[in-house]
Every structure is written in structure tokens, then in C-alpha cells.
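Participant: Contents of structure-v9.cif (mmCIF, C-alpha atoms) are below:
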data_entry
loop_
_atom_site.label_atom_id
_atom_site.label_comp_id
_atom_site.auth_asym_id
_atom_site.auth_seq_id
_atom_site.Cartn_x
_atom_site.Cartn_y
_atom_site.Cartn_z
CA MET V 1 0.00 0.00 0.00
CA GLY V 2 1.46 3.39 -0.97
CA ALA V 3 1.20 6.90 0.40
CA ARG V 4 -1.88 7.70 -1.69
CA SER V 5 -3.85 5.22 0.41
CA TRP V 6 -3.20 7.26 3.57
CA ALA V 7 -5.49 10.17 2.81
CA GLY V 8 -6.36 10.69 6.47
CA PRO V 9 -3.10 10.69 8.44
CA LEU V 10 -0.89 11.92 5.59
CA ARG V 11 -3.05 14.73 4.26
CA ARG V 12 -0.96 17.24 6.18
CA LEU V 13 2.27 15.61 4.93
CA HIS V 14 1.23 16.07 1.30
CA THR V 15 0.87 19.78 2.09
CA ILE V 16 4.34 19.90 3.62
CA ALA V 17 5.81 18.12 0.59
CA ARG V 18 4.21 20.70 -1.70
CA ASP V 19 5.67 23.46 0.48
CA VAL V 20 9.13 21.92 0.14
CA THR V 21 8.74 21.89 -3.63
CA THR V 22 7.61 25.53 -3.68
CA LEU V 23 10.56 26.62 -1.53
CA THR V 24 13.29 24.52 -3.16
CA GLY V 25 12.04 23.60 -6.63
CA VAL V 26 12.48 19.92 -5.72
CA PRO V 27 9.59 17.53 -6.47
CA VAL V 28 9.03 15.28 -3.46
CA ASP V 29 8.01 11.69 -4.16
CA LEU V 30 6.38 10.74 -0.85
CA ASP V 31 6.05 7.10 -1.80
CA THR V 32 9.82 6.86 -2.28
CA GLU V 33 10.83 8.89 0.77
CA LEU V 34 8.49 7.05 3.14
CA PHE V 35 8.76 3.47 1.89
CA LEU V 36 12.00 2.95 -0.09
CA ARG V 37 14.01 1.75 2.92
CA ALA V 38 11.45 -0.91 3.80
CA ARG V 39 11.24 -2.14 0.22
CA LEU V 40 15.00 -2.39 -0.15
CA ALA V 41 15.32 -4.20 3.18
CA GLY V 42 12.41 -6.53 2.45
CA PHE V 43 10.46 -5.41 5.52
CA ALA V 44 6.84 -6.52 5.72
CA PRO V 45 3.98 -5.19 7.84
CA SER V 46 4.31 -6.75 11.26
CA GLY V 47 1.55 -5.57 13.57
CA ARG V 48 2.83 -4.59 16.99
CA THR V 49 6.46 -5.34 16.23
CA SER V 50 8.14 -2.65 14.14
CA ALA V 51 9.18 -3.36 10.56
CA GLY V 52 12.83 -3.40 11.59
CA GLY V 53 12.11 -5.68 14.55
CA SER V 54 13.58 -3.64 17.40
CA CYS V 55 10.49 -1.85 18.72
CA ARG V 56 7.45 -3.50 20.31
CA MET V 57 4.10 -1.97 21.15
CA LEU V 58 2.92 -3.60 24.38
CA PRO V 59 -0.34 -3.44 26.36
CA ALA V 60 0.11 -1.71 29.70
CA ALA V 61 -2.30 -1.56 32.62
CA ASP V 62 -4.06 1.47 31.17
CA GLY V 63 -3.08 1.70 27.51
CA TRP V 64 -0.19 1.02 25.14
CA VAL V 65 3.53 1.70 25.26
CA ALA V 66 6.36 1.31 22.73
CA VAL V 67 9.74 0.07 23.95
CA ASN V 68 12.55 0.21 21.41
CA LEU V 69 15.60 -1.99 22.02
CA ALA V 70 17.42 -0.58 19.01
CA ARG V 71 20.99 -0.58 20.35
CA PRO V 72 23.20 -2.99 22.31
CA THR V 73 23.03 -0.59 25.27
CA ASP V 74 19.21 -0.87 25.26
CA HIS V 75 19.40 -4.66 25.50
CA ALA V 76 21.98 -4.34 28.26
CA SER V 77 19.58 -2.09 30.20
CA LEU V 78 16.69 -4.55 29.99
CA PRO V 79 17.41 -6.36 33.32
CA ALA V 80 17.52 -3.02 35.13
CA LEU V 81 14.25 -1.97 33.49
CA LEU V 82 12.55 -5.20 34.52
CA ASN V 83 13.74 -4.61 38.07
CA LEU V 84 12.36 -1.05 38.08
CA LEU V 85 9.02 -2.36 36.83
CA GLY V 86 8.66 -4.89 39.64
CA GLY V 87 11.01 -7.73 38.85
CA ALA V 88 9.06 -9.73 36.26
CA HIS V 89 11.16 -11.99 34.07
CA GLU V 90 9.52 -10.96 30.78
CA LEU V 91 9.02 -7.43 29.47
CA THR V 92 5.47 -8.25 28.39
CA ASP V 93 4.50 -9.22 31.94
CA ALA V 94 6.28 -6.25 33.50
CA VAL V 95 4.58 -3.75 31.21
CA ALA V 96 1.13 -5.30 31.66
CA ALA V 97 1.25 -4.61 35.40
CA ARG V 98 2.16 -0.92 35.17
CA PRO V 99 0.64 2.27 33.69
CA ALA V 100 1.98 3.09 30.25
CA ALA V 101 3.39 6.46 31.32
CA GLU V 102 5.31 4.83 34.17
CA VAL V 103 6.84 2.24 31.84
CA ALA V 104 7.97 4.95 29.44
CA ARG V 105 9.35 7.09 32.26
CA GLN V 106 11.35 4.26 33.83
CA ALA V 107 12.74 3.20 30.45
CA GLN V 108 13.78 6.74 29.61
CA LEU V 109 15.56 7.03 32.97
CA LEU V 110 17.81 4.23 31.72
CA GLY V 111 18.22 5.86 28.30
CA VAL V 112 15.97 3.31 26.56
CA PRO V 113 13.69 4.82 23.88
CA ALA V 114 10.10 4.35 25.02
CA ALA V 115 6.82 6.23 24.81
CA SER V 116 3.19 5.76 25.73
CA LEU V 117 0.74 5.93 22.86
CA ALA V 118 -0.20 9.48 21.75
CA SER V 119 1.49 10.96 24.83
CA GLU V 120 2.87 13.84 22.74
CA ARG V 121 -0.39 14.94 21.16
CA ASN V 122 -0.74 18.72 21.54
CA ARG V 123 2.36 18.96 23.75
CA ARG V 124 4.31 21.33 21.48
CA LYS V 125 4.56 22.48 17.88
CA PRO V 126 6.61 20.31 15.51
CA VAL V 127 8.98 23.20 14.71
CA LEU V 128 10.02 26.06 16.98
CA ARG V 129 12.02 28.87 15.39
CA ALA V 130 13.92 31.63 17.15
CA ARG V 131 16.06 34.30 15.50
CA VAL V 132 19.23 34.47 17.56
CA GLY V 133 21.59 35.69 14.85
CA PRO V 134 21.60 38.50 12.28
CA ALA V 135 19.48 38.13 9.15
CA SER V 136 20.56 38.50 5.54
CA GLU V 137 18.80 38.94 2.24
CA PRO V 138 16.32 36.15 1.40
CA ARG V 139 17.89 33.09 -0.23
CA THR V 140 16.97 29.74 -1.72
CA PRO V 141 18.99 26.58 -1.02
CA GLY V 142 20.82 27.02 -4.33
CA GLY V 143 24.50 27.67 -3.64
CA VAL V 144 24.39 27.55 0.17
CA ARG V 145 26.73 25.25 2.03
CA VAL V 146 25.07 22.70 4.30
CA VAL V 147 27.13 20.84 6.90
CA ASP V 148 25.24 17.77 8.06
CA PHE V 149 26.27 16.21 11.39
CA SER V 150 23.12 14.06 11.61
CA ALA V 151 22.83 10.32 11.05
CA LEU V 152 20.30 7.62 10.22
CA TRP V 153 17.29 9.11 8.38
CA ALA V 154 15.55 12.34 9.41
CA GLY V 155 18.50 14.74 9.21
CA PRO V 156 20.01 13.12 6.11
CA LEU V 157 16.63 13.37 4.33
CA CYS V 158 16.55 17.08 5.14
CA ALA V 159 20.08 17.40 3.71
CA ARG V 160 19.12 15.37 0.63
CA LEU V 161 16.24 17.68 -0.23
CA LEU V 162 18.33 20.82 0.29
CA GLY V 163 21.07 19.27 -1.85
CA LEU V 164 18.62 18.52 -4.65
CA GLY V 165 17.64 22.17 -4.39
CA GLY V 166 21.21 23.20 -5.23
CA ALA V 167 22.92 23.27 -1.83
CA ASP V 168 26.51 22.07 -1.43
CA VAL V 169 26.15 19.36 1.24
CA VAL V 170 29.04 18.14 3.37
CA LYS V 171 28.31 15.08 5.51
CA VAL V 172 30.41 14.94 8.67
CA GLU V 173 30.87 11.63 10.48
CA SER V 174 32.68 10.75 13.67
CA ALA V 175 35.84 8.70 13.24
CA ASN V 176 34.78 6.62 16.26
CA ARG V 177 31.05 6.41 15.56
CA PRO V 178 30.11 6.24 11.86
CA ASP V 179 26.53 6.76 10.74
CA GLY V 180 24.54 3.71 11.83
CA ALA V 181 22.67 3.78 8.51
CA ARG V 182 25.79 2.34 6.91
CA ARG V 183 24.85 -0.99 8.50
CA GLY V 184 21.60 -1.04 6.52
CA SER V 185 20.88 -1.05 2.80
CA PRO V 186 23.75 0.46 0.77
CA ALA V 187 21.22 1.54 -1.86
CA PHE V 188 19.20 3.45 0.71
CA TYR V 189 22.33 5.09 2.10
CA ARG V 190 23.24 6.21 -1.43
CA HIS V 191 19.71 7.52 -1.92
CA LEU V 192 20.12 9.83 1.06
CA HIS V 193 23.71 10.92 0.46
CA GLU V 194 24.37 10.76 -3.28
CA GLY V 195 26.22 13.86 -4.46
CA HIS V 196 27.28 14.89 -0.97
CA ARG V 197 30.89 15.26 0.07
CA GLY V 198 31.98 13.20 3.07
CA VAL V 199 34.32 14.20 5.88
CA VAL V 200 35.39 12.04 8.84
CA LEU V 201 36.51 13.94 11.93
CA ASP V 202 37.64 13.31 15.48
CA PHE V 203 34.69 14.62 17.49
CA THR V 204 36.93 15.06 20.51
CA ASP V 205 38.83 17.78 18.63
CA PRO V 206 36.86 21.05 19.02
CA ALA V 207 39.13 22.89 16.59
CA ALA V 208 38.35 20.38 13.83
CA LEU V 209 34.62 20.71 14.39
CA ARG V 210 34.72 24.50 14.41
CA SER V 211 36.73 24.41 11.21
CA ALA V 212 34.12 22.14 9.62
CA VAL V 213 31.35 24.72 10.14
CA ALA V 214 33.43 27.82 9.46
CA GLY V 215 32.18 28.13 5.88
CA ALA V 216 28.70 26.72 6.48
CA ASP V 217 25.45 28.54 5.86
CA VAL V 218 23.28 25.77 7.32
CA VAL V 219 24.11 23.20 10.00
CA ILE V 220 21.94 20.11 10.51
CA GLU V 221 22.46 18.09 13.66
CA ALA V 222 20.58 15.55 15.75
CA SER V 223 22.40 15.58 19.07
CA ARG V 224 21.61 16.79 22.53
CA PRO V 225 22.70 20.44 22.80
CA ARG V 226 25.04 19.88 25.73
CA ALA V 227 26.86 17.10 23.86
CA LEU V 228 27.65 19.41 20.95
CA ARG V 229 28.70 22.23 23.28
CA ARG V 230 31.11 19.85 25.01
CA ALA V 231 32.49 19.00 21.56
CA GLY V 232 33.04 22.67 20.83
CA LEU V 233 29.99 23.47 18.70
CA ASP V 234 27.53 26.10 19.90
CA ALA V 235 24.45 27.04 17.88
CA GLN V 236 24.26 30.60 19.16
CA ARG V 237 27.91 31.29 18.40
CA PHE V 238 27.54 29.82 14.92
CA LEU V 239 24.47 31.91 14.14
CA ALA V 240 26.08 35.09 15.44
CA GLY V 241 29.15 34.56 13.25
CA ARG V 242 27.63 35.68 9.94
CA PRO V 243 24.26 37.03 8.78
CA GLY V 244 21.76 34.59 7.36
CA ARG V 245 22.99 31.36 8.89
CA VAL V 246 20.56 28.59 9.91
CA TRP V 247 20.98 25.90 12.57
CA VAL V 248 18.58 22.93 12.31
CA SER V 249 18.39 20.81 15.46
CA ILE V 250 16.49 17.50 15.26
CA THR V 251 15.71 15.64 18.48
CA GLY V 252 13.11 13.21 19.70
CA TYR V 253 11.15 15.64 21.86
CA GLY V 254 12.83 19.03 21.41
CA ARG V 255 16.06 20.67 22.52
CA ALA V 256 14.77 21.25 26.05
CA ASP V 257 13.93 17.55 26.57
CA ASP V 258 16.65 14.94 27.09
CA ARG V 259 14.49 11.92 26.25
CA VAL V 260 15.85 9.78 23.43
CA ALA V 261 13.76 8.60 20.49
CA PHE V 262 13.99 6.71 17.23
CA GLY V 263 11.49 6.70 14.40
CA ASP V 264 9.21 3.88 15.56
CA ASP V 265 8.78 4.91 19.19
CA ALA V 266 8.50 8.60 18.21
CA ALA V 267 5.65 7.69 15.86
CA VAL V 268 3.86 5.92 18.71
CA ALA V 269 4.44 8.92 21.00
CA GLY V 270 2.70 11.06 18.41
CA GLY V 271 -0.13 8.60 17.92
CA LEU V 272 0.89 7.93 14.32
CA VAL V 273 -0.25 4.30 14.29
CA ALA V 274 -2.72 2.09 12.46
CA TRP V 275 -5.99 0.93 14.01
CA PRO V 276 -7.16 -2.38 12.53
CA PRO V 277 -10.95 -2.54 12.20
CA ASP V 278 -11.13 -5.77 14.20
CA GLY V 279 -10.54 -3.84 17.42
CA THR V 280 -7.36 -5.70 18.37
CA GLY V 281 -5.56 -2.47 19.19
CA PRO V 282 -2.93 -0.29 17.50
CA ALA V 283 -0.31 -1.49 15.04
CA PHE V 284 2.82 0.09 13.63
CA LEU V 285 2.34 2.23 10.56
CA GLY V 286 5.09 1.78 7.99
CA ASP V 287 8.78 1.72 8.87
CA ALA V 288 10.09 4.18 11.49
CA LEU V 289 7.62 6.64 10.02
CA ALA V 290 8.52 9.57 12.29
CA ASP V 291 11.97 9.68 10.66
CA PRO V 292 10.98 10.63 7.08
CA VAL V 293 8.09 12.74 8.38
CA THR V 294 10.56 14.74 10.47
CA GLY V 295 13.01 15.00 7.57
CA LEU V 296 10.33 16.69 5.49
CA TYR V 297 9.39 19.07 8.30
CA ALA V 298 13.07 19.94 8.80
CA ALA V 299 13.68 20.58 5.08
CA ARG V 300 10.68 22.87 4.91
CA ALA V 301 11.78 24.72 8.04
CA ALA V 302 15.34 25.19 6.76
CA ALA V 303 14.15 26.46 3.38
CA ARG V 304 11.66 28.81 5.06
CA SER V 305 14.40 30.21 7.26
CA LEU V 306 16.63 30.91 4.25
CA ARG V 307 13.69 32.59 2.50
CA ASP V 308 13.12 34.75 5.58
CA GLY V 309 16.76 35.85 5.92
CA GLY V 310 18.04 33.17 8.29
CA GLY V 311 19.62 33.81 11.65
CA HIS V 312 17.33 31.13 13.08
CA LEU V 313 17.77 28.30 15.51
CA VAL V 314 15.25 25.74 14.24
CA ASP V 315 14.14 23.19 16.84
CA VAL V 316 12.43 20.15 15.26
CA ALA V 317 10.87 17.46 17.50
CA MET V 318 10.22 14.05 15.93
CA ALA V 319 7.35 13.06 18.22
CA ALA V 320 5.61 16.40 17.68
CA CYS V 321 5.95 16.03 13.90
CA ALA V 322 4.36 12.59 14.15
CA ALA V 323 1.62 13.98 16.38
CA GLU V 324 0.65 16.69 13.92
CA ILE V 325 0.44 14.18 11.07
CA ALA V 326 -1.57 11.80 13.25
CA GLY V 327 -4.01 14.62 13.92
CA ALA V 328 -5.21 14.33 10.31
CA GLY V 329 -6.92 11.06 11.13
CA HIS V 330 -6.09 7.40 11.70
CA VAL V 331 -5.74 4.41 9.46
CA GLU V 332 -8.48 1.83 9.72
CA THR V 333 -6.71 -1.08 8.11
CA GLY V 334 -4.95 -4.22 9.13
CA GLU V 335 -2.01 -3.44 6.87
CA SER V 336 0.89 -1.05 7.15
CA PRO V 337 2.56 -0.04 3.89
CA CYS V 338 6.22 -0.89 3.64
#
Take the structure in this file and express it as C-alpha cells.
Facilitator:
Amino acid sequence: MGARSWAGPLRRLHTIARDVTTLTGVPVDLDTELFLRARLAGFAPSGRTSAGGSCRMLPAADGWVAVNLARPTDHASLPALLNLLGGAHELTDAVAARPAAEVARQAQLLGVPAASLASERNRRKPVLRARVGPASEPRTPGGVRVVDFSALWAGPLCARLLGLGGADVVKVESANRPDGARRGSPAFYRHLHEGHRGVVLDFTDPAALRSAVAGADVVIEASRPRALRRAGLDAQRFLAGRPGRVWVSITGYGRADDRVAFGDDAAVAGGLVAWPPDGTGPAFLGDALADPVTGLYAARAAARSLRDGGGHLVDVAMAACAAEIAGAGHVETGESPC
């Protein structure tokens, strides 16, 4: 099933895609951007286990919660989480005995991505924009230099769309922690990064990082603010350095919130799920859907900032992006398109 079948929940996203095209001149193929990764990886709709297999939507005492064991550290934290939830031997049993919000809170205390269903509805706007640097004349993405520190999907999709609009994109990776998307489909990685220049840096060297952004007009990053400041990168200092610059920050719940999120659990937090008509409860919708949704929001926000003279710190929250899209309606189907 393709994007055209999602008239309810994705109506707003079609509008955002049209906005991106108007601002950048780049046609956006939603079907490709939302579903290419799943097709290349051979993912199939899988109900309450995410397409990639790491995230599970579980019934709690009063609702539903998503727990995403996406990294080795998340699996290592599972015994501690079970202990916090009462000592059950299985996650399913532990979650069933506790309120969904408590499960999510305890998981997040351990750094495990988790969220109760639709908990982020109406919590904040998907994009917050503040002008903290001097403005310039209005610009389009054509000819601007974009330095992309982000990884995985949302930030790189933003960079891809700006690059197709004529921006010079430089992808920066850590020498010690390469982009995790490299472990997935090579074809999908090329889709996101084709035509971009790549630079590998030591992220413990502040001088190297500052040098990387010295000529940038736009920075895209997806890290907690304090982590970048410790590494020597400061959004306010960057924006003050030259008129018209733009800093795009992508996080799970916003720059002021330290909770971690990935695409599947962020989608659940926003309520962007399928509701089968048989009444069996929610199911995952697509593959890590909050990631490409957020990438489109971020690209539109970056292009809007350039049009408006820049100088903006753009704060994009994945769960809030998912929540706004979910507000268009819900899917009444037993299938999730992949």
C-alpha cells in the first residue's frame, strides 16, 4: 500500500511536501521517501512489532507503550528496566502490570527509547524557530553550504532535499562512531547521500569541528545540545558569526527535553499508528515513520528560514511532527505499507 492510500493521516504531509517543492524547486516523491528503505530491506507489515524488529508496542495496565531496544546498550539495560518495573522476568508481563506512562518514564531514565501511545499529542509544535543571529537577504537553497552532522534518516533526508535544491552538502561523520545507517541497505544510504561530500573527523577535537562549520550557511544536527557544546559546537555562536545562517536541530522531543527517540517509538508517542478494524488495538504504521516525516518538516523549516533571511535556531521534534500528522486522522486497516 502506498502513500496515496493514507489520505487521512498523511493529508498534512502532502501539504508539507508541496511546500518543500515551492521553496526549493524539488519535487518530493512521498512514496519513495516514506517506503523505499522498507522495500530495499524486504520489511513486511508486522503488527505490533516494528518493521525493523527492534520496537514492540505492548499493552500496559491502562493503555499502550512502545519500547525500542534498538541498540546494544538498550538490551543491556533490559534487566535493570525489569527490576524497576517490579522484577518480572519478561518485558510483556512487566509492562502489563504498570501504567503506560510509568513504563515509558522508567525506560527513559535508563536511556531506553520508550513512549506511551499518543502521549505527545498537543504537547508542542513540531517546529520552533527563534532568531538568535543577524538576518541577511532572502535566499533559496541554491548555492548555500550545508554541513550535516546528523545520522540515520531524518537529518540526512533534510540534507538530501536541500542538496537537490542546489545546496553544497558536506556530511560529517565521527571517526569513532560512523553513521549507523551504513549498517543497513547500501542503496538506501546512497539515496540519502548521493552527491554529498563526506568528511570524517575526530569529534573530541573542538578545533576540527569548528573548522568544519566555518564556511557553512546551514548546519543540521541531531544531538543533545550539551553534547555538541562539550564537543566545541555552539548554535548561538555559529548563528552570530555571519548574517543569514541557519541551525537545524532535530531531536526526539525538542532541545529542552533529554528523552531519546527513534522513528518507531516517536511515531507511537505522536499517535501515528494504524488501528485495525477488528478492534485488536494499535499497530505500527510503515517503517520508522517519524523519521521521514521529520526530515520533510526539517527541510521545509530550513528552506523557510533561508527565505526569511536566516539567523534562526530551528528546533524540530520528531514526536511532535508525528503527532501533527496523526491529527489528520487514523488508518483503519490491518495493513501497514512498507
Participant: Could you state which residues are captured by the PyMOL selection byres ((chain V and resi 194) around 12) in this file, as a list in words?
Facilitator: Pro156, Leu157, Ala159, Arg160, Leu161, Gly163, Leu164, Asp168, Val169, Val170, Lys171, Pro186, Ala187, Phe188, Tyr189, Arg190, His191, Leu192, His193, Gly195, His196, Arg197 and Gly198 of chain V
Participant: Write out as a PDB file with C-alpha atoms, in the coordinates of the input the residues lying within 9 Å of V:Leu13, counting only C-alpha atoms and excluding same-chain residues fewer than 5 positions away.
Facilitator:
ATOM      1  CA  ARG V  18       4.210  20.700  -1.700  1.00  0.00           C
ATOM      2  CA  LEU V  30       6.380  10.740  -0.850  1.00  0.00           C
ATOM      3  CA  VAL V 293       8.090  12.740   8.380  1.00  0.00           C
ATOM      4  CA  LEU V 296      10.330  16.690   5.490  1.00  0.00           C
ATOM      5  CA  TYR V 297       9.390  19.070   8.300  1.00  0.00           C
ATOM      6  CA  ILE V 325       0.440  14.180  11.070  1.00  0.00           C
TER       7      ILE V 325
END
Participant: Using only C-alpha atoms, pick whichever of V:Glu102, V:Glu173, V:Asp258, V:Asp148 has the shortest atom-to-atom distance to V:Val246.
Facilitator: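 Looking at the shortest contact to V:Val246, the residue is V:Asp148.
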Participant: Any idea what the distance is between atom CA of V:Val132 and atom CA of V:Ala212?
Facilitator: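 Interatomic distance here is 20.9 Å.
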Participant: Would you kindly translate the PyMOL selection byres ((chain V and resi 206) around 6) into the concrete residues it picks from this file, as a list in words?
Facilitator: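 Given this file, the PyMOL selection byres ((chain V and resi 206) around 6) evaluates to Asp205, Ala207, Ala208, Leu209, Ala231 and Gly232 of chain V.
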Participant: Identify which of the residues V:Asp217, V:Ala44, V:Phe262, V:Ala269 lies closest to V:Ala135, counting all atoms listed in the file when measuring atom-to-atom distances.
Facilitator: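 Checking each candidate against V:Ala135, we get V:Asp217 as the closest.
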Participant: Would you list the residues near (16.9, -4.7, 33.4) (no more than 10 Å away, in the coordinates of the file, using only C-alpha atoms) as a VMD selection string?
Facilitator: chain V and resid 74 to 85 87 to 89 91 107 110
Participant: Which one of V:Pro99, V:Gly165, V:Pro113, V:Gly133 sits closest to V:Ala235 if you count all atoms listed in the file?
Facilitator: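 Smallest separation from V:Ala235 among the options: V:Gly133.
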Participant: Kindly output stretch 306-318 of chain V as a JSON list (two decimals), keeping the file's coordinate frame, after building N, CA, C and O atoms.
Facilitator:
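Wrote selection_28.json, looks like this:
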[["chain", "number", "residue", "atom", "x", "y", "z"],
["V", 306, "LEU", "N", 15.82, 30.25, 5.27],
["V", 306, "LEU", "CA", 16.63, 30.91, 4.25],
["V", 306, "LEU", "C", 15.81, 31.97, 3.51],
["V", 306, "LEU", "O", 16.29, 33.08, 3.26],
["V", 307, "ARG", "N", 14.57, 31.63, 3.18],
["V", 307, "ARG", "CA", 13.69, 32.59, 2.50],
["V", 307, "ARG", "C", 13.47, 33.84, 3.35],
["V", 307, "ARG", "O", 13.34, 34.95, 2.83],
["V", 308, "ASP", "N", 13.42, 33.66, 4.67],
["V", 308, "ASP", "CA", 13.12, 34.75, 5.58],
["V", 308, "ASP", "C", 14.38, 35.45, 6.12],
["V", 308, "ASP", "O", 14.29, 36.24, 7.06],
["V", 309, "GLY", "N", 15.53, 35.15, 5.53],
["V", 309, "GLY", "CA", 16.76, 35.85, 5.92],
["V", 309, "GLY", "C", 17.64, 35.12, 6.90],
["V", 309, "GLY", "O", 18.72, 35.59, 7.23],
["V", 310, "GLY", "N", 17.21, 33.97, 7.40],
["V", 310, "GLY", "CA", 18.04, 33.17, 8.29],
["V", 310, "GLY", "C", 18.25, 33.80, 9.66],
["V", 310, "GLY", "O", 17.46, 34.61, 10.12],
["V", 311, "GLY", "N", 19.35, 33.40, 10.28],
["V", 311, "GLY", "CA", 19.62, 33.81, 11.65],
["V", 311, "GLY", "C", 18.86, 32.99, 12.67],
["V", 311, "GLY", "O", 18.85, 33.31, 13.86],
["V", 312, "HIS", "N", 18.23, 31.88, 12.23],
["V", 312, "HIS", "CA", 17.33, 31.13, 13.08],
["V", 312, "HIS", "C", 17.95, 29.86, 13.66],
["V", 312, "HIS", "O", 18.68, 29.14, 12.98],
["V", 313, "LEU", "N", 17.61, 29.61, 14.91],
["V", 313, "LEU", "CA", 17.77, 28.30, 15.51],
["V", 313, "LEU", "C", 16.45, 27.57, 15.34],
["V", 313, "LEU", "O", 15.41, 27.99, 15.87],
["V", 314, "VAL", "N", 16.46, 26.48, 14.58],
["V", 314, "VAL", "CA", 15.25, 25.74, 14.24],
["V", 314, "VAL", "C", 15.23, 24.44, 15.04],
["V", 314, "VAL", "O", 16.12, 23.60, 14.89],
["V", 315, "ASP", "N", 14.25, 24.31, 15.90],
["V", 315, "ASP", "CA", 14.14, 23.19, 16.84],
["V", 315, "ASP", "C", 13.02, 22.27, 16.36],
["V", 315, "ASP", "O", 11.84, 22.62, 16.43],
["V", 316, "VAL", "N", 13.39, 21.09, 15.85],
["V", 316, "VAL", "CA", 12.43, 20.15, 15.26],
["V", 316, "VAL", "C", 12.32, 18.92, 16.16],
["V", 316, "VAL", "O", 13.33, 18.27, 16.45],
["V", 317, "ALA", "N", 11.11, 18.59, 16.60],
["V", 317, "ALA", "CA", 10.87, 17.46, 17.50],
["V", 317, "ALA", "C", 10.16, 16.34, 16.74],
["V", 317, "ALA", "O", 9.06, 16.52, 16.22],
["V", 318, "MET", "N", 10.77, 15.16, 16.70],
["V", 318, "MET", "CA", 10.22, 14.05, 15.93],
["V", 318, "MET", "C", 8.82, 13.65, 16.40],
["V", 318, "MET", "O", 7.91, 13.45, 15.59]]
